[in-house]
Amino acid sequence: MSRFAVIDTETTWDDAVMSVGIVIADSETFELIDKKYYILKPFKNHGGMYTYALYVNGIKPDLECLRERAMDDLNKLLASYDVVAIFAYNAAFDYRHLPELQHFDWHDIMRLAAYRQHNLKIPTCAECYGTGRLKRGYGVESVYRMLSDDFTYCEMHNALTDAIDELEIMRLLDHALDKYALARIG
């Protein structure tokens with residue numbers, strides 16, 4: 001596998017997907033190769049906790065369309081890069097919301113980022129369960145700050161910027177892609 005994808009979704013109050021952000025990255029360097037942002041009609045107008053972030057900082061979607069067209073385009077994008085594995089932070093959420101992509105191998109970034117044995121930046125004073133998992137503070141924003149030492153970082157809750165940030169978390173964790181076999185879901 002020479003390339004992989006990182007995906008993020010944002011949903012409406014009624015739990016419908018209103019936007020999808022995806023990045024394609026190199027499996028060796030974790031460098032971003034390509035990215036796409038989809039806003040789904042009519043759900044963008046249904047309101048959600050992060051509706052305000054759909055166009056944050058002037059970000060424009062590559063496609064603003066019905067879900068079927070977006071999923072068709074997204075599958076073509078993944079096929080064009082021979083992607084077989086998708087990664088997401090708290091991947092069960094995105095996996096459940098994107099049944100059109102469940103034929104891919106899905107992996108949860110959080111399953112490495114939130115565990116002391118896989119994230120060496122977790123402070124010794126942090127409360128963890130016996131399994132090594134943080135008891136609290138293991139969301140994207142907290143983990144990104146921990147790994148990057150950028151304590152001003154704020155998650156934007158825009159599907160594209162969040163996918164980019166989740167790729168950066170993977171890069172900062174500095175694990176080979178095959179380590180994420182521990183984090184496979186589905």
# chains A, B, ... in the order shown; residues from 1 in each chain; ligands from 1

call {"tool": "residues_around", "arguments": {"residues": "range 31-40 of chain A", "least_positions_apart": "6", "cutoff": "10 Å", "atoms": "only C-alpha atoms", "output": "MDAnalysis selection string"}}
result
chainID A and resid 3:10 16:25 54:55 59:71 73:74 77 81 158:161 163:164 167:168 171

call {"tool": "residues_around", "arguments": {"residues": "Gly130 in chain A", "least_positions_apart": "6", "cutoff": "12 Å", "atoms": "only C-alpha atoms", "output": "VMD selection string"}}
result
chain A and resid 115 to 117

call {"tool": "closest_residue", "arguments": {"among": "A:Val83, A:Met146, A:Ala88, A:Leu120", "to": "His103 in chain A", "atoms": "only C-alpha atoms"}}
result
A:Val83

call {"tool": "closest_residue", "arguments": {"among": "A:Asp150, A:Asp178, A:Asp15, A:Glu141", "to": "Asp165 in chain A", "atoms": "only C-alpha atoms"}}
result
A:Glu141

call {"tool": "select_by_dssp", "arguments": {"residues": "chain A", "states": "alpha helix (DSSP H)", "output": "PyMOL selection string"}}
result
chain A and resi 67-80+91-97+110-113+140-148+159-173

call {"tool": "closest_residue", "arguments": {"among": "A:Ser80, A:Met170, A:Ala181, A:Asn75", "to": "Leu98 in chain A", "atoms": "only C-alpha atoms"}}
result
A:Asn75

call {"tool": "closest_residue", "arguments": {"among": "A:Asn57, A:Ser2, A:Thr12, A:Thr29", "to": "Pro42 in chain A", "atoms": "only C-alpha atoms"}}
result
A:Thr12

call {"tool": "select_by_dssp", "arguments": {"residues": "chain A", "states": "strand (DSSP E)", "output": "number ranges by chain"}}
result
A: 3-11, 17-26, 32-41, 63-66, 85-88, 105-108, 184-185

call {"tool": "write_last_selection", "arguments": {"atoms": "N, CA and C atoms", "output": "compact mmCIF listing (two decimals), in the first residue's frame"}}
result
# COMPACT_ATOMS: atom_id res chain seq x y z
N ARG A 3 -0.37 4.41 -0.69
CA ARG A 3 -1.14 5.59 -0.29
C ARG A 3 -2.30 5.16 0.60
N PHE A 4 -2.72 6.08 1.45
CA PHE A 4 -3.87 5.83 2.31
C PHE A 4 -4.68 7.11 2.40
N ALA A 5 -5.87 7.02 2.99
CA ALA A 5 -6.74 8.18 3.13
C ALA A 5 -7.06 8.42 4.60
N VAL A 6 -7.25 9.69 4.93
CA VAL A 6 -7.77 10.10 6.24
C VAL A 6 -9.05 10.87 5.95
N ILE A 7 -10.11 10.51 6.68
CA ILE A 7 -11.42 11.09 6.40
C ILE A 7 -12.05 11.64 7.67
N ASP A 8 -12.89 12.66 7.49
CA ASP A 8 -13.65 13.22 8.61
C ASP A 8 -15.01 13.65 8.08
N THR A 9 -16.02 13.53 8.94
CA THR A 9 -17.36 13.97 8.58
C THR A 9 -17.88 14.92 9.65
N GLU A 10 -18.80 15.77 9.24
CA GLU A 10 -19.56 16.58 10.18
C GLU A 10 -21.03 16.29 9.91
N THR A 11 -21.82 16.26 10.97
CA THR A 11 -23.21 15.85 10.85
C THR A 11 -24.17 16.93 11.35
N VAL A 17 -25.00 13.20 7.52
CA VAL A 17 -23.72 13.77 7.11
C VAL A 17 -23.98 15.02 6.27
N MET A 18 -23.36 16.13 6.68
CA MET A 18 -23.50 17.37 5.91
C MET A 18 -22.20 17.75 5.20
N SER A 19 -21.07 17.17 5.63
CA SER A 19 -19.81 17.44 4.93
C SER A 19 -18.83 16.31 5.16
N VAL A 20 -17.95 16.13 4.16
CA VAL A 20 -16.92 15.10 4.21
C VAL A 20 -15.62 15.74 3.74
N GLY A 21 -14.57 15.55 4.52
CA GLY A 21 -13.24 15.97 4.11
C GLY A 21 -12.35 14.75 4.02
N ILE A 22 -11.53 14.70 2.98
CA ILE A 22 -10.65 13.54 2.80
C ILE A 22 -9.29 14.02 2.30
N VAL A 23 -8.25 13.39 2.84
CA VAL A 23 -6.90 13.64 2.35
C VAL A 23 -6.28 12.30 1.95
N ILE A 24 -5.49 12.34 0.90
CA ILE A 24 -4.72 11.19 0.46
C ILE A 24 -3.28 11.47 0.85
N ALA A 25 -2.63 10.46 1.44
CA ALA A 25 -1.26 10.65 1.92
C ALA A 25 -0.36 9.51 1.49
N ASP A 26 0.92 9.79 1.44
CA ASP A 26 1.94 8.80 1.12
C ASP A 26 2.16 7.90 2.34
N LEU A 32 0.88 14.87 2.59
CA LEU A 32 -0.38 15.04 1.90
C LEU A 32 -0.15 15.06 0.39
N ILE A 33 -0.90 14.26 -0.33
CA ILE A 33 -0.79 14.18 -1.79
C ILE A 33 -1.95 14.90 -2.46
N ASP A 34 -3.15 14.71 -1.92
CA ASP A 34 -4.35 15.29 -2.51
C ASP A 34 -5.39 15.47 -1.42
N LYS A 35 -6.38 16.31 -1.67
CA LYS A 35 -7.44 16.52 -0.70
C LYS A 35 -8.72 16.90 -1.44
N LYS A 36 -9.84 16.58 -0.82
CA LYS A 36 -11.13 16.96 -1.39
C LYS A 36 -12.10 17.24 -0.25
N TYR A 37 -13.00 18.16 -0.55
CA TYR A 37 -13.99 18.58 0.44
C TYR A 37 -15.36 18.59 -0.21
N TYR A 38 -16.29 17.91 0.43
CA TYR A 38 -17.65 17.79 -0.08
C TYR A 38 -18.63 18.37 0.93
N ILE A 39 -19.56 19.19 0.45
CA ILE A 39 -20.69 19.64 1.26
C ILE A 39 -21.93 19.03 0.63
N LEU A 40 -22.72 18.36 1.47
CA LEU A 40 -23.85 17.59 0.97
C LEU A 40 -25.17 18.36 1.08
N LYS A 41 -25.84 18.42 -0.07
CA LYS A 41 -27.18 19.00 -0.13
C LYS A 41 -28.18 17.89 0.13
N LEU A 63 -16.92 19.92 -4.27
CA LEU A 63 -18.26 19.62 -4.76
C LEU A 63 -19.27 19.95 -3.67
N GLU A 64 -20.34 20.63 -4.06
CA GLU A 64 -21.48 20.86 -3.19
C GLU A 64 -22.65 20.23 -3.94
N CYS A 65 -23.04 19.04 -3.47
CA CYS A 65 -23.94 18.21 -4.28
C CYS A 65 -24.70 17.23 -3.40
N LEU A 66 -25.54 16.43 -4.05
CA LEU A 66 -26.25 15.36 -3.35
C LEU A 66 -25.26 14.29 -2.91
N ALA A 85 -7.00 1.56 2.37
CA ALA A 85 -7.16 1.79 3.81
C ALA A 85 -7.57 3.23 4.09
N ILE A 86 -8.55 3.36 4.96
CA ILE A 86 -9.04 4.66 5.41
C ILE A 86 -8.80 4.76 6.91
N PHE A 87 -8.34 5.92 7.34
CA PHE A 87 -8.06 6.20 8.74
C PHE A 87 -8.94 7.37 9.18
N ALA A 88 -9.35 7.35 10.42
CA ALA A 88 -10.13 8.44 10.98
C ALA A 88 -9.94 8.44 12.49
N ASP A 105 -10.56 -0.99 4.19
CA ASP A 105 -10.02 -1.33 5.51
C ASP A 105 -9.98 -0.04 6.33
N TRP A 106 -10.70 -0.02 7.44
CA TRP A 106 -10.78 1.17 8.29
C TRP A 106 -9.92 0.99 9.54
N HIS A 107 -9.28 2.09 9.96
CA HIS A 107 -8.43 2.08 11.15
C HIS A 107 -8.70 3.33 11.97
N ASP A 108 -8.65 3.17 13.28
CA ASP A 108 -8.94 4.26 14.20
C ASP A 108 -7.64 4.87 14.75
N ARG A 184 -7.63 -1.63 13.66
CA ARG A 184 -8.58 -1.91 12.57
C ARG A 184 -9.98 -2.06 13.13
N ILE A 185 -10.93 -1.53 12.40
CA ILE A 185 -12.35 -1.66 12.79
C ILE A 185 -13.13 -2.24 11.62

call {"tool": "atom_distance", "arguments": {"atom1": "CA of Tyr95 in chain A", "atom2": "CA of Tyr180 in chain A"}}
result
16.0 Å

call {"tool": "residues_around", "arguments": {"residues": "Ile122 in chain A", "least_positions_apart": "3", "cutoff": "12 Å", "atoms": "only C-alpha atoms", "output": "ChimeraX atom specification"}}
result
/A:112-119,125-128,132-138,142-149,173

call {"tool": "decode", "arguments": {"residues": "range 108-148 of chain A", "atoms": "C-alpha atoms", "output": "PDB file, in the first residue's frame"}}
result
ATOM      1  CA  ASP A 108      -8.941   4.262  14.203  1.00  0.00           C
ATOM      2  CA  ILE A 109      -6.169   6.809  14.815  1.00  0.00           C
ATOM      3  CA  MET A 110      -7.460   7.339  18.357  1.00  0.00           C
ATOM      4  CA  ARG A 111      -6.680   3.720  19.277  1.00  0.00           C
ATOM      5  CA  LEU A 112      -2.990   4.589  19.122  1.00  0.00           C
ATOM      6  CA  ALA A 113      -3.113   8.290  20.011  1.00  0.00           C
ATOM      7  CA  ALA A 114      -4.983   7.785  23.299  1.00  0.00           C
ATOM      8  CA  TYR A 115      -2.759   5.008  24.702  1.00  0.00           C
ATOM      9  CA  ARG A 116       0.401   5.571  26.724  1.00  0.00           C
ATOM     10  CA  GLN A 117       2.185   2.616  25.079  1.00  0.00           C
ATOM     11  CA  HIS A 118       1.652   4.120  21.607  1.00  0.00           C
ATOM     12  CA  ASN A 119       1.808   7.845  22.358  1.00  0.00           C
ATOM     13  CA  LEU A 120       5.049   8.687  24.114  1.00  0.00           C
ATOM     14  CA  LYS A 121       3.961  12.318  24.588  1.00  0.00           C
ATOM     15  CA  ILE A 122       1.290  11.383  27.120  1.00  0.00           C
ATOM     16  CA  PRO A 123       2.583  12.939  30.363  1.00  0.00           C
ATOM     17  CA  THR A 124       3.449  10.600  33.217  1.00  0.00           C
ATOM     18  CA  CYS A 125       1.030  12.533  35.433  1.00  0.00           C
ATOM     19  CA  ALA A 126      -1.925  11.895  33.084  1.00  0.00           C
ATOM     20  CA  GLU A 127      -4.584   9.576  34.488  1.00  0.00           C
ATOM     21  CA  CYS A 128      -4.813   6.364  32.477  1.00  0.00           C
ATOM     22  CA  TYR A 129      -6.757   3.133  32.806  1.00  0.00           C
ATOM     23  CA  GLY A 130      -4.870  -0.104  33.387  1.00  0.00           C
ATOM     24  CA  THR A 131      -4.924  -0.608  29.609  1.00  0.00           C
ATOM     25  CA  GLY A 132      -2.848   2.552  29.173  1.00  0.00           C
ATOM     26  CA  ARG A 133      -5.710   4.592  27.680  1.00  0.00           C
ATOM     27  CA  LEU A 134      -6.153   8.151  28.837  1.00  0.00           C
ATOM     28  CA  LYS A 135      -9.175   8.605  31.085  1.00  0.00           C
ATOM     29  CA  ARG A 136      -9.852  12.054  29.588  1.00  0.00           C
ATOM     30  CA  GLY A 137      -8.329  14.520  27.163  1.00  0.00           C
ATOM     31  CA  TYR A 138      -7.944  12.172  24.221  1.00  0.00           C
ATOM     32  CA  GLY A 139      -9.944  14.125  21.643  1.00  0.00           C
ATOM     33  CA  VAL A 140      -8.327  15.520  18.513  1.00  0.00           C
ATOM     34  CA  GLU A 141      -7.671  18.945  20.023  1.00  0.00           C
ATOM     35  CA  SER A 142      -6.041  17.646  23.213  1.00  0.00           C
ATOM     36  CA  VAL A 143      -3.929  15.043  21.429  1.00  0.00           C
ATOM     37  CA  TYR A 144      -2.840  17.461  18.698  1.00  0.00           C
ATOM     38  CA  ARG A 145      -1.713  19.952  21.334  1.00  0.00           C
ATOM     39  CA  MET A 146       0.097  17.213  23.251  1.00  0.00           C
ATOM     40  CA  LEU A 147       1.952  15.893  20.201  1.00  0.00           C
ATOM     41  CA  SER A 148       2.778  19.221  18.566  1.00  0.00           C
TER      42      SER A 148
END
